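Okay, so here's the structure we're looking at.
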Amino acid sequence: MAPSLRRPGGSGQQSCPSDLVRRGRRARRTRAVVGAIAGTGLAAAAVVVALGAGGVGPAATPPSTAPVASGPRSGDGSPPSRLPGSRSLDARSVLLAAAETAAREPATSGHYWYTRQRISQPVRRLPKDIGKPGRQEIPFSATVATTQDSWYASDRGAPSRTVTGQNPKAAFASPEDEAKWRRLGSPALVEEKPSTNDYDMALFFQIGTHRFTARQLLELPAEKDSLESRLRRLYDEEPPDEWSPAKPEFTDYVWSTAQDLLAGPISPGTRSALYRVLAEQPAIRSLGGVTDAQGRTGTALARTVAGEGEGESRLIVDDGTAELLSFEFRSRGESSPTMQVTYEDMGWVDSLGERVSG
């Protein structure tokens, strides 16, 4: 599950890529579809990790970031390549095929849900400006990519951990942008050292404004109709005043939820059911075969986002396993991702600090 926050497209704030865990406070939501990383601060109660990196997302005052705008791409933030000669099936056919594939995958378990993801996002604020009041404009365009590892405990009372800000890599939109950066004294674009964050409280995932533990996600329905009913109930319970500028349509809610859950600890049956729910939603397009930032092949599914933060969000799904490979958001008119989250590894492990083998 991607421990990252979906944020309003025009907030103008930028976090250190090392920042991951959102403060445990009630999230407001918006129709914008740009993903972001949450702040590392802890509240007195539980820590909330908002699911996914795009789609319908949290709004109001963001705690740390809002990766917006187009710009340069780092080596692992480059746009996916269309496979030559690939044939595009319609989205419904792709999603139903993914549902069949997911249903055949074996169920696994462990004490921790582990994810390793590479996040590429534009620099909107410098680390030294984080937390300062007002918007700190920067006179250059650059993109930063970092890696984060996360361990979400499934056992009650067990600790959790995130390791953020690893292997930072920056790229400038042009030599002129790099020259502007140098004239400012070459300020740091990310925190200088990775951050290991240990928590002795529950890390929660979030669907809309609803909180779920890793164990509760495993209890989501594994049948299509039951899962859809559950999502509709959650959607109906969403307070309209918690969304800005307005509560989204159910289809947007489902699309956003899919971005969340497909990278999270859900059962093969729930994954299959979710694909079947998606197959019934309108305005989802198949873009055919692509390669992601890691060179892996999959099928890209896309949905256009209107309103604030308008553009296109994409999911790249592995045809062989029905696993989510990458999430991308492209601002309107941009051919390269504005925001990109590549899921390098995910799965169950038995101990804190253990990584998925193979």
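To be explicit about the labels: the chains of the structure tokens are called A, B, and onward in the order shown, and within each one the residues are counted from 1, while ligands get numbers from 1 in the order they are shown.
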- Message: List the spatial neighbours of stretch 348-354 of chain A as a VMD selection string - criterion: any atom at most 9 Å away, only C-alpha atoms, same-chain residues fewer than 4 positions off excluded.
- Response: chain A and resid 108 to 115 149 to 153 159 to 161 265
Would you mind exporting the chosen residues as a PDB file, in the first residue's frame, restricted to C-alpha atoms?
ATOM      1  CA  THR A 108      -0.402 -15.305   1.470  1.00  0.00           C
ATOM      2  CA  SER A 109      -0.035 -13.962   4.991  1.00  0.00           C
ATOM      3  CA  GLY A 110       2.478 -12.566   7.445  1.00  0.00           C
ATOM      4  CA  HIS A 111       2.896 -10.227  10.374  1.00  0.00           C
ATOM      5  CA  TYR A 112       3.757  -7.175   8.224  1.00  0.00           C
ATOM      6  CA  TRP A 113       2.624  -5.854   4.870  1.00  0.00           C
ATOM      7  CA  TYR A 114       5.803  -4.563   3.180  1.00  0.00           C
ATOM      8  CA  THR A 115       6.057  -2.147   0.272  1.00  0.00           C
ATOM      9  CA  ASP A 149      10.178   1.172   2.473  1.00  0.00           C
ATOM     10  CA  SER A 150       7.182   0.622   4.729  1.00  0.00           C
ATOM     11  CA  TRP A 151       6.158  -2.114   7.153  1.00  0.00           C
ATOM     12  CA  TYR A 152       2.505  -2.121   8.273  1.00  0.00           C
ATOM     13  CA  ALA A 153       1.856  -4.349  11.280  1.00  0.00           C
ATOM     14  CA  PRO A 159       5.232  -1.667  15.977  1.00  0.00           C
ATOM     15  CA  SER A 160       5.406  -0.388  12.405  1.00  0.00           C
ATOM     16  CA  ARG A 161       8.159   1.341  10.453  1.00  0.00           C
ATOM     17  CA  PRO A 265      -2.876  -6.038   1.817  1.00  0.00           C
TER      18      PRO A 265
END
- Just the residues within 12 Å of A:Glu100, please, counting only C-alpha atoms, with nothing from its chain fewer than 6 positions along; format it as a ChimeraX atom specification. /A:93-94,268-276,319-322
- Message: Between A:Lys169, A:Arg303, A:Thr209, A:Asp292, which residue has the minimum interatomic distance to A:Trp243, considering only C-alpha atoms?
- Response: A:Thr209
- So, counting only C-alpha atoms, which residue among A:Leu231, A:Ala279, A:Val190, A:Met339 is closest to A:Thr257?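 Among the listed residues, A:Leu231 lies closest to A:Thr257.
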- Those in stretch 160-318 of chain A with strand (DSSP E or B) from DSSP, as number ranges by chain: A: 160-172, 195-199, 203-207, 210-212, 243-244, 284-291, 297-305, 311-317
Export C-alpha atoms of the chosen residues as a compact mmCIF listing (two decimals), in the first residue's frame?
# COMPACT_ATOMS: atom_id res chain seq x y z
CA SER A 160 5.41 -0.39 12.40
CA ARG A 161 8.16 1.34 10.45
CA THR A 162 8.90 3.53 7.45
CA VAL A 163 12.31 4.26 5.91
CA THR A 164 12.03 7.30 3.68
CA GLY A 165 14.11 9.59 1.51
CA GLN A 166 16.38 6.84 0.15
CA ASN A 167 18.48 7.09 -3.02
CA PRO A 168 17.42 10.64 -3.94
CA LYS A 169 17.88 11.69 -7.52
CA ALA A 170 17.14 15.13 -8.95
CA ALA A 171 16.69 16.26 -12.54
CA PHE A 172 16.19 19.75 -13.94
CA SER A 195 14.87 8.79 7.81
CA THR A 196 13.90 5.66 9.76
CA ASN A 197 10.62 6.17 11.57
CA ASP A 198 9.44 3.62 14.14
CA TYR A 199 5.90 3.77 15.52
CA LEU A 203 -0.74 2.72 11.20
CA PHE A 204 -4.10 3.09 9.52
CA PHE A 205 -4.95 3.05 5.85
CA GLN A 206 -7.72 5.31 4.66
CA ILE A 207 -10.52 4.96 2.11
CA HIS A 210 -12.68 5.94 6.73
CA ARG A 211 -9.77 4.31 8.56
CA PHE A 212 -8.71 0.68 8.15
CA TRP A 243 -14.87 17.21 0.41
CA SER A 244 -13.74 20.25 -1.56
CA ILE A 284 -12.04 4.07 -17.85
CA ARG A 285 -9.85 3.55 -20.92
CA SER A 286 -7.27 0.95 -21.83
CA LEU A 287 -4.10 2.41 -23.34
CA GLY A 288 -2.69 -0.98 -24.24
CA GLY A 289 0.69 -2.48 -23.39
CA VAL A 290 3.38 -0.23 -21.87
CA THR A 291 6.60 -0.53 -19.91
CA THR A 297 5.55 -4.67 -19.02
CA GLY A 298 1.89 -4.23 -18.24
CA THR A 299 -1.36 -2.71 -19.44
CA ALA A 300 -2.16 0.94 -18.72
CA LEU A 301 -5.66 1.93 -17.62
CA ALA A 302 -6.56 5.61 -17.56
CA ARG A 303 -9.26 7.96 -16.34
CA THR A 304 -9.56 11.67 -17.06
CA VAL A 305 -9.92 13.96 -14.08
CA GLY A 311 -5.43 15.77 -16.00
CA GLU A 312 -5.22 12.01 -16.36
CA SER A 313 -4.46 9.31 -13.81
CA ARG A 314 -3.12 5.95 -14.92
CA LEU A 315 -2.70 2.53 -13.40
CA ILE A 316 -0.23 0.09 -14.94
CA VAL A 317 -1.21 -3.50 -14.15
- Item | Nearest to A:Gln259 by atom-to-atom distance, counting only C-alpha atoms, from A:Ala179, A:Ala202, A:Val341, A:Leu189 | A:Val341
- From atom CA of A:Asp260 to atom CA of A:Ala107 the spacing works out at 19.0 Å
- Task: Using backbone DSSP assignments, extract all helix (DSSP H, G or I) residues from stretch 266-302 of chain A; output them as a list in words.
- Result: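 Helix (DSSP H, G or I) assignments inside stretch 266-302 of chain A correspond to Pro268, Gly269, Thr270, Arg271, Ser272, Ala273, Leu274, Tyr275, Arg276, Val277, Leu278 and Ala279 of chain A.
The list of residues with at least one atom within 12 Å of A:Ser174, based on only C-alpha atoms and without residues fewer than 2 positions apart in the same chain, reads Gly71, Pro72, Arg73, Phe140, Ser141, Ala142, Thr143, Ala171, Phe172, Glu176, Asp177, Glu178, Ala179, Lys180 and Trp181 of chain A.
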Writer output for current selection, C-alpha atoms, as a short mmCIF file (atom, residue, chain, number, x, y, z; two decimals), in the first residue's frame:
data_model
loop_
_atom_site.label_atom_id
_atom_site.label_comp_id
_atom_site.auth_asym_id
_atom_site.auth_seq_id
_atom_site.Cartn_x
_atom_site.Cartn_y
_atom_site.Cartn_z
CA GLY A 71 8.75 19.27 -15.37
CA PRO A 72 11.82 17.17 -15.89
CA ARG A 73 11.94 13.46 -15.41
CA PHE A 140 13.38 26.81 -11.34
CA SER A 141 11.74 23.54 -12.36
CA ALA A 142 13.08 20.25 -11.05
CA THR A 143 11.90 16.76 -10.19
CA ALA A 171 16.69 16.26 -12.54
CA PHE A 172 16.19 19.75 -13.94
CA GLU A 176 18.69 27.15 -17.56
CA ASP A 177 16.74 25.75 -14.61
CA GLU A 178 19.88 24.17 -13.21
CA ALA A 179 21.73 27.48 -13.61
CA LYS A 180 19.00 29.27 -11.63
CA TRP A 181 19.34 26.67 -8.90
#
- Item | Spatial neighbours of A:Leu217, max dist 9 Å, only C-alpha atoms, sep filter under 3 positions, as a list in words | Phe205, Phe212, Thr213, Ala214, Leu220, Leu261, Gly264, Pro265, Ile266 and Ser267 of chain A
- Go through A:Val277, A:Thr146, A:Gly309, A:Gly333 one by one, measure the shortest atom-to-atom distance of each to A:Pro221 using only C-alpha atoms, and give the residue with the smallest value.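 Once distances to A:Pro221 are computed over only C-alpha atoms, the minimum belongs to A:Val277.
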